[in-house]
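J.: This is the content of run-v7.txt (compact mmCIF, C-alpha atoms and all ligand atoms):
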```txt
# COMPACT_ATOMS: atom_id res chain seq x y z
CA MET A 1 101.96 114.16 88.02
CA SER A 2 103.03 111.02 86.20
CA MET A 3 100.97 107.85 86.45
CA LEU A 4 102.15 104.93 88.52
CA LYS A 5 103.11 101.58 87.02
CA THR A 6 103.82 98.82 89.52
CA LEU A 7 105.96 95.76 88.78
CA ILE A 8 105.69 92.75 91.08
CA PHE A 9 108.77 90.50 91.32
CA SER A 10 108.17 87.18 93.00
CA ASP A 11 110.11 84.15 94.13
CA LEU A 12 108.45 80.77 93.48
CA ASP A 13 109.24 77.99 95.99
CA GLY A 14 107.87 78.83 99.43
CA THR A 15 106.47 82.12 98.10
CA LEU A 16 104.08 81.80 95.16
CA LEU A 17 104.19 78.00 95.45
CA ASP A 18 103.55 76.17 98.71
CA HIS A 19 106.77 74.85 100.27
CA PHE A 20 105.41 71.32 100.68
CA THR A 21 102.82 70.82 97.94
CA TYR A 22 104.10 73.25 95.22
CA GLN A 23 100.45 74.37 94.85
CA SER A 24 99.54 77.95 93.94
CA THR A 25 95.75 77.76 94.40
CA ALA A 26 95.73 80.52 97.05
CA VAL A 27 97.08 83.13 94.62
CA GLU A 28 94.95 82.35 91.55
CA LYS A 29 92.26 84.97 92.21
CA THR A 30 94.86 87.63 93.04
CA LEU A 31 96.86 86.83 89.88
CA GLN A 32 93.71 87.34 87.80
CA GLN A 33 93.05 90.70 89.49
CA LEU A 34 96.62 91.81 88.77
CA HIS A 35 96.35 90.69 85.16
CA LYS A 36 93.14 92.75 84.76
CA ALA A 37 94.82 95.74 86.39
CA ASN A 38 97.75 95.38 83.95
CA ILE A 39 100.26 94.87 86.76
CA PRO A 40 102.98 92.45 85.59
CA VAL A 41 103.97 89.61 87.91
CA ILE A 42 107.60 88.77 87.12
CA LEU A 43 108.81 85.43 88.46
CA ASN A 44 112.34 85.58 89.90
CA THR A 45 113.57 82.13 90.80
CA SER A 46 116.49 79.72 91.09
CA LYS A 47 114.71 77.39 88.66
CA THR A 48 115.78 76.75 85.05
CA PHE A 49 114.24 78.04 81.83
CA ALA A 50 112.83 74.55 81.12
CA GLU A 51 111.05 74.53 84.51
CA LEU A 52 109.84 78.11 84.15
CA GLU A 53 108.34 77.62 80.72
CA VAL A 54 105.97 75.04 82.19
CA ILE A 55 105.18 76.90 85.43
CA HIS A 56 104.71 80.22 83.63
CA HIS A 57 102.22 78.62 81.27
CA ASP A 58 100.39 76.86 84.14
CA LEU A 59 100.05 80.19 85.99
CA GLY A 60 98.71 81.87 82.83
CA LEU A 61 101.44 84.52 82.83
CA ARG A 62 102.72 86.34 79.72
CA THR A 63 105.29 88.48 81.50
CA PRO A 64 109.11 88.45 81.61
CA PHE A 65 110.74 86.03 84.05
CA ILE A 66 114.14 85.66 85.68
CA ILE A 67 115.84 82.26 85.95
CA GLU A 68 118.70 80.58 87.83
CA ASN A 69 119.01 83.18 90.62
CA GLY A 70 119.34 86.21 88.40
CA ALA A 71 121.54 84.60 85.71
CA ALA A 72 119.19 85.58 82.87
CA ILE A 73 115.97 87.44 82.09
CA TYR A 74 113.56 86.04 79.47
CA MET A 75 111.21 88.68 78.03
CA PRO A 76 108.49 87.48 75.66
CA ILE A 77 109.07 89.30 72.36
CA ASN A 78 106.77 92.34 72.26
CA THR A 79 106.94 92.91 76.03
CA PHE A 80 108.21 96.33 74.95
CA ASN A 81 107.88 98.37 71.73
CA SER A 82 111.51 97.73 70.84
CA GLN A 83 114.10 95.09 71.68
CA PRO A 84 116.15 96.22 74.70
CA GLU A 85 119.85 96.78 74.06
CA GLY A 86 122.16 94.01 75.21
CA THR A 87 119.61 91.26 74.61
CA VAL A 88 119.58 88.40 72.10
CA ILE A 89 116.63 86.61 70.54
CA ILE A 90 116.17 82.99 71.65
CA GLY A 91 112.93 81.39 70.42
CA ASN A 92 110.06 83.71 71.35
CA TYR A 93 112.09 85.70 73.86
CA TRP A 94 114.48 88.57 74.19
CA VAL A 95 117.14 87.29 76.59
CA LYS A 96 119.50 89.26 78.77
CA SER A 97 122.15 87.20 80.55
CA PHE A 98 124.35 88.21 83.46
CA SER A 99 126.48 85.08 83.60
CA LEU A 100 129.02 83.08 81.66
CA PRO A 101 127.55 79.77 80.39
CA ARG A 102 127.57 76.65 82.53
CA GLU A 103 130.22 75.03 80.28
CA TYR A 104 132.70 77.61 81.52
CA TRP A 105 132.16 76.56 85.14
CA LEU A 106 132.19 72.85 84.22
CA THR A 107 135.58 73.30 82.55
CA LEU A 108 136.84 75.25 85.55
CA LEU A 109 135.75 72.38 87.82
CA SER A 110 137.23 69.59 85.67
CA LYS A 111 140.50 71.32 84.79
CA ASN A 112 141.34 73.36 87.89
CA SER A 113 139.65 71.62 90.80
CA GLN A 114 140.58 67.96 90.30
CA LYS A 115 141.86 67.35 93.81
CA PHE A 116 138.33 67.99 95.10
CA SER A 117 136.56 65.77 92.55
CA PRO A 118 136.16 62.76 94.91
CA TYR A 119 134.15 64.97 97.29
CA TYR A 120 131.26 66.06 95.12
CA GLN A 121 128.84 64.97 92.44
CA GLY A 122 127.62 67.56 89.94
CA PHE A 123 124.19 67.78 88.29
CA SER A 124 125.84 67.12 84.92
CA THR A 125 126.86 63.62 86.09
CA LEU A 126 123.72 62.75 88.10
CA SER A 127 121.16 60.44 86.53
CA ASP A 128 117.55 61.64 86.38
CA SER A 129 116.45 58.94 88.82
CA LYS A 130 119.20 59.80 91.31
CA LEU A 131 118.08 63.44 91.24
CA CYS A 132 114.47 62.33 91.85
CA GLN A 133 115.64 60.40 94.90
CA MET A 134 117.58 63.38 96.22
CA THR A 135 114.94 66.06 95.68
CA GLY A 136 111.52 64.42 95.58
CA LEU A 137 110.92 65.74 92.04
CA ASN A 138 109.18 63.44 89.56
CA ILE A 139 111.15 62.24 86.53
CA ASP A 140 109.94 64.98 84.12
CA GLU A 141 110.58 67.69 86.71
CA ALA A 142 114.05 66.27 87.36
CA LYS A 143 114.84 66.34 83.62
CA ARG A 144 113.83 70.02 83.48
CA ALA A 145 115.71 70.90 86.66
CA LYS A 146 118.87 69.41 85.09
CA GLN A 147 118.72 71.67 82.04
CA ARG A 148 120.78 74.38 83.69
CA GLN A 149 122.39 76.95 81.42
CA TYR A 150 124.42 79.06 83.82
CA ALA A 151 125.54 77.32 86.99
CA GLU A 152 126.42 73.83 88.17
CA PRO A 153 124.83 72.56 91.40
CA LEU A 154 127.04 70.11 93.29
CA HIS A 155 126.03 67.53 95.86
CA TRP A 156 128.75 67.65 98.51
CA LEU A 157 130.00 64.28 99.77
CA GLY A 158 132.98 65.38 101.88
CA ASP A 159 133.34 66.87 105.36
CA ASN A 160 132.86 70.52 106.31
CA PRO A 161 136.53 71.62 106.53
CA THR A 162 137.15 70.24 103.01
CA LYS A 163 134.04 72.04 101.83
CA GLU A 164 135.38 75.34 103.21
CA ASP A 165 138.70 74.71 101.38
CA PHE A 166 136.84 73.88 98.20
CA ILE A 167 134.73 77.05 98.33
CA ALA A 168 137.80 79.21 99.02
CA HIS A 169 139.54 77.52 96.07
CA LEU A 170 136.58 78.26 93.75
CA VAL A 171 136.43 81.89 94.87
CA SER A 172 140.17 82.24 94.13
CA LEU A 173 139.41 81.02 90.58
CA GLY A 174 136.76 83.73 90.14
CA ALA A 175 133.71 81.55 90.74
CA ASN A 176 130.81 82.29 93.03
CA ALA A 177 129.89 79.36 95.27
CA VAL A 178 126.54 79.70 96.99
CA PHE A 179 125.30 77.09 99.42
CA GLY A 180 121.56 76.67 98.95
CA GLY A 181 119.95 73.96 101.10
CA ARG A 182 120.79 70.78 99.23
CA PHE A 183 123.46 71.87 96.76
CA ILE A 184 126.48 74.13 96.31
CA HIS A 185 125.80 76.27 93.23
CA VAL A 186 128.99 77.09 91.32
CA GLY A 187 128.65 79.90 88.84
CA ASP A 188 128.98 83.59 88.15
CA TYR A 189 128.40 86.59 90.40
CA CYS A 190 124.79 87.47 89.78
CA ASP A 191 121.68 87.68 91.93
CA LYS A 192 117.94 88.31 91.83
CA GLY A 193 118.40 91.96 92.84
CA GLN A 194 120.69 92.87 89.93
CA ALA A 195 118.18 91.35 87.49
CA LEU A 196 115.29 93.28 89.10
CA ILE A 197 117.20 96.57 88.78
CA TRP A 198 118.05 95.95 85.10
CA LEU A 199 114.48 95.04 84.16
CA ALA A 200 112.89 97.94 86.09
CA GLU A 201 115.22 100.29 84.15
CA ARG A 202 113.91 98.88 80.85
CA TYR A 203 110.31 99.57 81.98
CA ARG A 204 111.38 103.13 82.88
CA GLU A 205 112.82 103.62 79.37
CA GLN A 206 109.81 102.10 77.67
CA PHE A 207 107.16 103.87 79.77
CA PRO A 208 108.64 107.38 80.17
CA ASN A 209 105.33 108.88 81.27
CA TYR A 210 104.99 106.50 84.19
CA ALA A 211 106.62 106.40 87.60
CA ILE A 212 107.81 102.80 87.85
CA SER A 213 107.52 101.23 91.29
CA THR A 214 108.78 97.75 92.22
CA ILE A 215 107.51 95.30 94.81
CA ALA A 216 109.45 92.13 95.67
CA LEU A 217 108.09 89.07 97.47
CA GLY A 218 110.29 86.25 98.74
CA ASP A 219 110.92 83.92 101.65
CA GLY A 220 114.56 82.81 101.43
CA GLU A 221 118.18 83.87 101.74
CA ASN A 222 118.54 84.02 97.95
CA ASP A 223 115.72 86.61 97.87
CA ILE A 224 117.59 89.13 100.04
CA ALA A 225 119.21 91.05 97.15
CA MET A 226 115.84 91.32 95.39
CA LEU A 227 114.04 92.39 98.60
CA GLU A 228 116.71 95.03 99.28
CA ALA A 229 116.59 96.36 95.70
CA ALA A 230 112.81 96.83 95.39
CA ASP A 231 110.83 99.92 96.39
CA MET A 232 108.74 97.71 98.65
CA ALA A 233 109.80 94.42 100.25
CA ILE A 234 107.32 91.76 101.33
CA GLN A 235 108.84 88.88 103.25
CA ILE A 236 106.77 85.72 103.01
CA ARG A 237 106.51 83.61 106.16
CA SER A 238 108.10 80.17 105.78
CA PRO A 239 107.00 77.01 107.59
CA VAL A 240 110.61 75.74 107.67
CA HIS A 241 112.84 78.72 108.49
CA ASP A 242 112.83 82.20 110.07
CA PHE A 243 112.55 85.40 108.07
CA PRO A 244 116.06 86.21 106.75
CA SER A 245 117.15 89.60 108.11
CA LEU A 246 117.21 92.64 105.85
CA TYR A 247 119.20 95.88 106.23
CA ARG A 248 116.27 97.97 105.12
CA GLN A 249 113.66 99.17 107.61
CA HIS A 250 111.41 101.29 105.39
CA SER A 251 108.63 99.91 103.14
CA SER A 252 109.23 96.42 104.36
CA THR A 253 106.61 94.02 105.73
CA LYS A 254 106.32 90.41 106.82
CA THR A 255 103.24 88.32 106.14
CA GLN A 256 101.24 86.60 108.86
CA LEU A 257 100.30 83.68 106.63
CA TYR A 258 102.68 81.18 105.01
CA GLY A 259 103.71 80.90 101.33
CA PRO A 260 101.02 81.62 98.72
CA GLN A 261 98.42 82.47 101.40
CA GLY A 262 100.81 85.15 102.68
CA TRP A 263 101.41 86.31 99.10
CA ALA A 264 97.67 86.79 98.49
CA GLU A 265 97.22 88.43 101.92
CA ALA A 266 99.92 91.05 101.20
CA ILE A 267 98.84 91.87 97.63
CA GLN A 268 95.14 92.01 98.58
CA LYS A 269 96.00 94.58 101.26
CA LEU A 270 97.76 96.73 98.64
CA LEU A 271 94.92 96.36 96.13
CA THR A 272 92.29 97.24 98.76
CA ASN A 273 94.20 100.36 99.76
CA GLN A 274 94.71 101.21 96.05
CA LEU A 275 98.45 101.44 96.59
CA ILE A 276 99.47 99.65 93.40
CA ASN A 277 97.25 100.95 90.62
MG MG A 301 111.84 80.54 98.09
```
Once you've parsed the file, please lay out its structure as structure tokens.

T.:
Amino acid sequence: MSMLKTLIFSDLDGTLLDHFTYQSTAVEKTLQQLHKANIPVILNTSKTFAELEVIHHDLGLRTPFIIENGAAIYMPINTFNSQPEGTVIIGNYWVKSFSLPREYWLTLLSKNSQKFSPYYQGFSTLSDSKLCQMTGLNIDEAKRAKQRQYAEPLHWLGDNPTKEDFIAHLVSLGANAVFGGRFIHVGDYCDKGQALIWLAERYREQFPNYAISTIALGDGENDIAMLEAADMAIQIRSPVHDFPSLYRQHSSTKTQLYGPQGWAEAIQKLLTNQLIN
């Protein structure tokens, strides 16, 4: 029988980080236990590389992470014995991207979507202080949030029917337009699930004597693809919205507690029952 190696994929906001305070205190002890047990925690988030570098360091993680809703995977060099095919070296990372660069989508917006330009304001034209006002981020966080590499978030200023027209227009041009709370994200077709599948395959190649098992934890709509793709799905209770519905019925649970408390509750249960190592 082959040994089991578990990979934990986790969303950040509302999952590992508290929805209101962005604190992760409740998971610290569990993260240390997982680190000792050699179980990688792989962050899978809509945030940018610049934001992740800071958060990853603060959480004491040395694992791969997935940015901008599955647009790219950053693997610290030496995560594996050899560099995975299809990756490039950027700084201290092997990087696999699933998306055309942001410039492509900016050009598409400026050249092919001019009639809609009075109805939105893009991140690329927002000042840092305006973004702080809109999101509640501090100025350094806003600067990092603006360093997007793959998609352009737009603040919509028009009415709903025009927004529907705009989204249909973008789709006809080959863009993916995802509405996420505050902004419309214009970019490529990629998601957190596709990135999970690709990375789990690399672990399977690199650890041929292990059975690789994946667990995904998330609270939002943009976590659905990741939750559906994992061997086990853990839906984290949110204080601001219902659990999004999943197709899957098997190996799927919902936490009682909210955010990081729910995260720790679910992983502690698995550790206690020795289901993940
Ligand atoms: Mg979330």

J.: Report as CSV the residues of chain A within 12 Å of ligand MG 301 (chain A), each with its shortest atom pair and distance in Å (one decimal), using only C-alpha atoms and all ligand atoms, ordered by chain and increasing residue number.

T.:
```
residue,atom,partner,partner_atom,distance
A:Ser10,CA,A:MG301,MG,9.1
A:Asp11,CA,A:MG301,MG,5.6
A:Leu12,CA,A:MG301,MG,5.7
A:Asp13,CA,A:MG301,MG,4.2
A:Gly14,CA,A:MG301,MG,4.5
A:Thr15,CA,A:MG301,MG,5.6
A:Leu16,CA,A:MG301,MG,8.4
A:Leu17,CA,A:MG301,MG,8.5
A:Asp18,CA,A:MG301,MG,9.4
A:His19,CA,A:MG301,MG,7.9
A:Phe20,CA,A:MG301,MG,11.5
A:Tyr22,CA,A:MG301,MG,11.0
A:Leu43,CA,A:MG301,MG,11.2
A:Asn44,CA,A:MG301,MG,9.6
A:Thr45,CA,A:MG301,MG,7.7
A:Ser46,CA,A:MG301,MG,8.4
A:Lys47,CA,A:MG301,MG,10.3
A:Asn69,CA,A:MG301,MG,10.7
A:Gly180,CA,A:MG301,MG,10.5
A:Gly181,CA,A:MG301,MG,10.9
A:Lys192,CA,A:MG301,MG,11.7
A:Leu217,CA,A:MG301,MG,9.3
A:Gly218,CA,A:MG301,MG,6.0
A:Asp219,CA,A:MG301,MG,5.0
A:Gly220,CA,A:MG301,MG,4.9
A:Glu221,CA,A:MG301,MG,8.0
A:Asn222,CA,A:MG301,MG,7.6
A:Asp223,CA,A:MG301,MG,7.2
A:Ile224,CA,A:MG301,MG,10.5
A:Met226,CA,A:MG301,MG,11.8
A:Gln235,CA,A:MG301,MG,10.3
A:Ile236,CA,A:MG301,MG,8.8
A:Arg237,CA,A:MG301,MG,10.1
A:Ser238,CA,A:MG301,MG,8.6
A:Pro239,CA,A:MG301,MG,11.2
A:Val240,CA,A:MG301,MG,10.8
A:His241,CA,A:MG301,MG,10.6
A:Phe243,CA,A:MG301,MG,11.1
A:Pro244,CA,A:MG301,MG,11.2
A:Tyr258,CA,A:MG301,MG,11.5
A:Gly259,CA,A:MG301,MG,8.8
A:Pro260,CA,A:MG301,MG,10.9
A:Trp263,CA,A:MG301,MG,12.0
```

J.: Taking into account all atoms listed in the file, which residue in the set A:Pro101, A:Pro161, A:Gly70, A:Pro40 is nearest to Leu7 (chain A)?

T.: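 Closest to Leu7 (chain A) of all the choices is A:Pro40.
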
J.: Name the residues, using the chain letters and numbers of the file, that sit within 8 Å of (123.5, 95.8, 92.7) when counting only C-alpha atoms, and give them as a VMD selection string.

T.: chain A and resid 193 to 194 197 225 229

J.: From the set A:Val171, A:Ile8, A:Leu126, A:Ile90, which residue has the shortest atom-to-atom contact distance to Ala142 (chain A), counting all atoms listed in the file?

T.: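 Checking each candidate against Ala142 (chain A), we get A:Leu126 as the closest.
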
J.: Mind checking which residues fall within 8 Å of Val95 (chain A), counting all atoms listed in the file, ignoring those fewer than 2 positions away in the same chain, and posting them as a list in words?

T.: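 After dropping sequence-adjacent residues, the list is Ala72, Ile73, Tyr74, Met75, Thr87, Val88, Ile89, Ile90, Tyr93 and Ser97 of chain A.
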
J.: Hey, what's within 12 Å of region 207-212 of chain A if we count only C-alpha atoms and toss same-chain stuff fewer than 4 positions away? As a list in words, please?

T.: Met1, Ser2, Met3, Leu4, Lys5, Thr6, Leu7, Ile8, Ile39, Pro40, Thr79, Phe80, Asn81, Ser82, Ile197, Leu199, Ala200, Glu201, Arg202, Tyr203, Ala230, Asp231, Met232, Ile276 and Asn277 of chain A

J.: Suppose we keep C-alpha atoms; can you now write the selection as a PDB file, in the coordinates of the input?

T.:
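As written to disk, out.pdb reads:
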```
ATOM      1  CA  MET A   1     101.960 114.160  88.020  1.00  0.00           C
ATOM      2  CA  SER A   2     103.030 111.020  86.200  1.00  0.00           C
ATOM      3  CA  MET A   3     100.970 107.850  86.450  1.00  0.00           C
ATOM      4  CA  LEU A   4     102.150 104.930  88.520  1.00  0.00           C
ATOM      5  CA  LYS A   5     103.110 101.580  87.020  1.00  0.00           C
ATOM      6  CA  THR A   6     103.820  98.820  89.520  1.00  0.00           C
ATOM      7  CA  LEU A   7     105.960  95.760  88.780  1.00  0.00           C
ATOM      8  CA  ILE A   8     105.690  92.750  91.080  1.00  0.00           C
ATOM      9  CA  ILE A  39     100.260  94.870  86.760  1.00  0.00           C
ATOM     10  CA  PRO A  40     102.980  92.450  85.590  1.00  0.00           C
ATOM     11  CA  THR A  79     106.940  92.910  76.030  1.00  0.00           C
ATOM     12  CA  PHE A  80     108.210  96.330  74.950  1.00  0.00           C
ATOM     13  CA  ASN A  81     107.880  98.370  71.730  1.00  0.00           C
ATOM     14  CA  SER A  82     111.510  97.730  70.840  1.00  0.00           C
ATOM     15  CA  ILE A 197     117.200  96.570  88.780  1.00  0.00           C
ATOM     16  CA  LEU A 199     114.480  95.040  84.160  1.00  0.00           C
ATOM     17  CA  ALA A 200     112.890  97.940  86.090  1.00  0.00           C
ATOM     18  CA  GLU A 201     115.220 100.290  84.150  1.00  0.00           C
ATOM     19  CA  ARG A 202     113.910  98.880  80.850  1.00  0.00           C
ATOM     20  CA  TYR A 203     110.310  99.570  81.980  1.00  0.00           C
ATOM     21  CA  ALA A 230     112.810  96.830  95.390  1.00  0.00           C
ATOM     22  CA  ASP A 231     110.830  99.920  96.390  1.00  0.00           C
ATOM     23  CA  MET A 232     108.740  97.710  98.650  1.00  0.00           C
ATOM     24  CA  ILE A 276      99.470  99.650  93.400  1.00  0.00           C
ATOM     25  CA  ASN A 277      97.250 100.950  90.620  1.00  0.00           C
TER      26      ASN A 277
END
```

J.: Calculated over all atoms listed in the file, which of the candidates A:His185, A:His35, A:Lys115, A:His250 has the smallest distance to Tyr150 (chain A)?

T.: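 The shortest atom-to-atom distance to Tyr150 (chain A) comes from A:His185.
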
J.: Out of A:Ile234, A:Ser110, A:Asn78, A:Thr214, which residue has the shortest atom-to-atom distance to Ser252 (chain A) when counting all atoms listed in the file?

T.: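 The closest residue to Ser252 (chain A) is A:Ile234.
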
J.: Counting only C-alpha atoms, what is within 9 Å of Ala50 (chain A), bar same-chain residues fewer than 5 positions away, as a PyMOL selection string?

T.: chain A and resi 143-148

J.: Quick one: pull the distance between CA of Val186 (chain A) and CA of Pro118 (chain A), Å, one decimal.

T.: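 Separation of CA of Val186 (chain A) and CA of Pro118 (chain A): 16.4 Å.
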
J.: So how many Å separate CA of Thr25 (chain A) and CA of Leu227 (chain A), to one decimal?

T.: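 That distance, rounded to one decimal, is 23.8 Å.
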
J.: Counting all atoms listed in the file, which of A:Val178, A:Leu137, A:Leu154, A:Ile215 gets nearest to Phe123 (chain A)?

T.: A:Leu154

J.: Expressed in Å to a single decimal, how great is the separation between CA of Ala175 (chain A) and CA of Ile55 (chain A)?

T.: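 Computed distance, CA of Ala175 (chain A) to CA of Ile55 (chain A), equals 29.4 Å.
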
J.: Tell me which protein, DNA and RNA residues are within 10 Å of region 56-59 of chain A, counting only C-alpha atoms, leaving out same-chain ones fewer than 5 positions away, and put them as number ranges by chain.

T.: A: 24-25, 27-28, 31-32, 42-43, 49, 51, 64-65

J.: Write the selection just made, keeping C-alpha atoms, as an mmCIF file, keeping the file's coordinate frame?

T.:
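The resulting file, selection-v4.cif, is reproduced below:
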```
data_model
loop_
_atom_site.group_PDB
_atom_site.id
_atom_site.type_symbol
_atom_site.label_atom_id
_atom_site.label_comp_id
_atom_site.auth_asym_id
_atom_site.auth_seq_id
_atom_site.Cartn_x
_atom_site.Cartn_y
_atom_site.Cartn_z
ATOM 1 C CA SER A 24 99.540 77.950 93.940
ATOM 2 C CA THR A 25 95.750 77.760 94.400
ATOM 3 C CA VAL A 27 97.080 83.130 94.620
ATOM 4 C CA GLU A 28 94.950 82.350 91.550
ATOM 5 C CA LEU A 31 96.860 86.830 89.880
ATOM 6 C CA GLN A 32 93.710 87.340 87.800
ATOM 7 C CA ILE A 42 107.600 88.770 87.120
ATOM 8 C CA LEU A 43 108.810 85.430 88.460
ATOM 9 C CA PHE A 49 114.240 78.040 81.830
ATOM 10 C CA GLU A 51 111.050 74.530 84.510
ATOM 11 C CA PRO A 64 109.110 88.450 81.610
ATOM 12 C CA PHE A 65 110.740 86.030 84.050
#
```

J.: Could you tell me, as a VMD selection string, which residues have any atom at most 10 Å from (132.9, 60.8, 102.6), counting all atoms listed in the file?

T.: chain A and resid 118 to 120 156 to 159

J.: May I ask which of the residues A:Glu103, A:Glu205, A:Glu53, A:Glu228 is the closest one to Ala151 (chain A), counting all atoms listed in the file?

T.: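 Using all atoms listed in the file, the shortest distance to Ala151 (chain A) belongs to A:Glu103.
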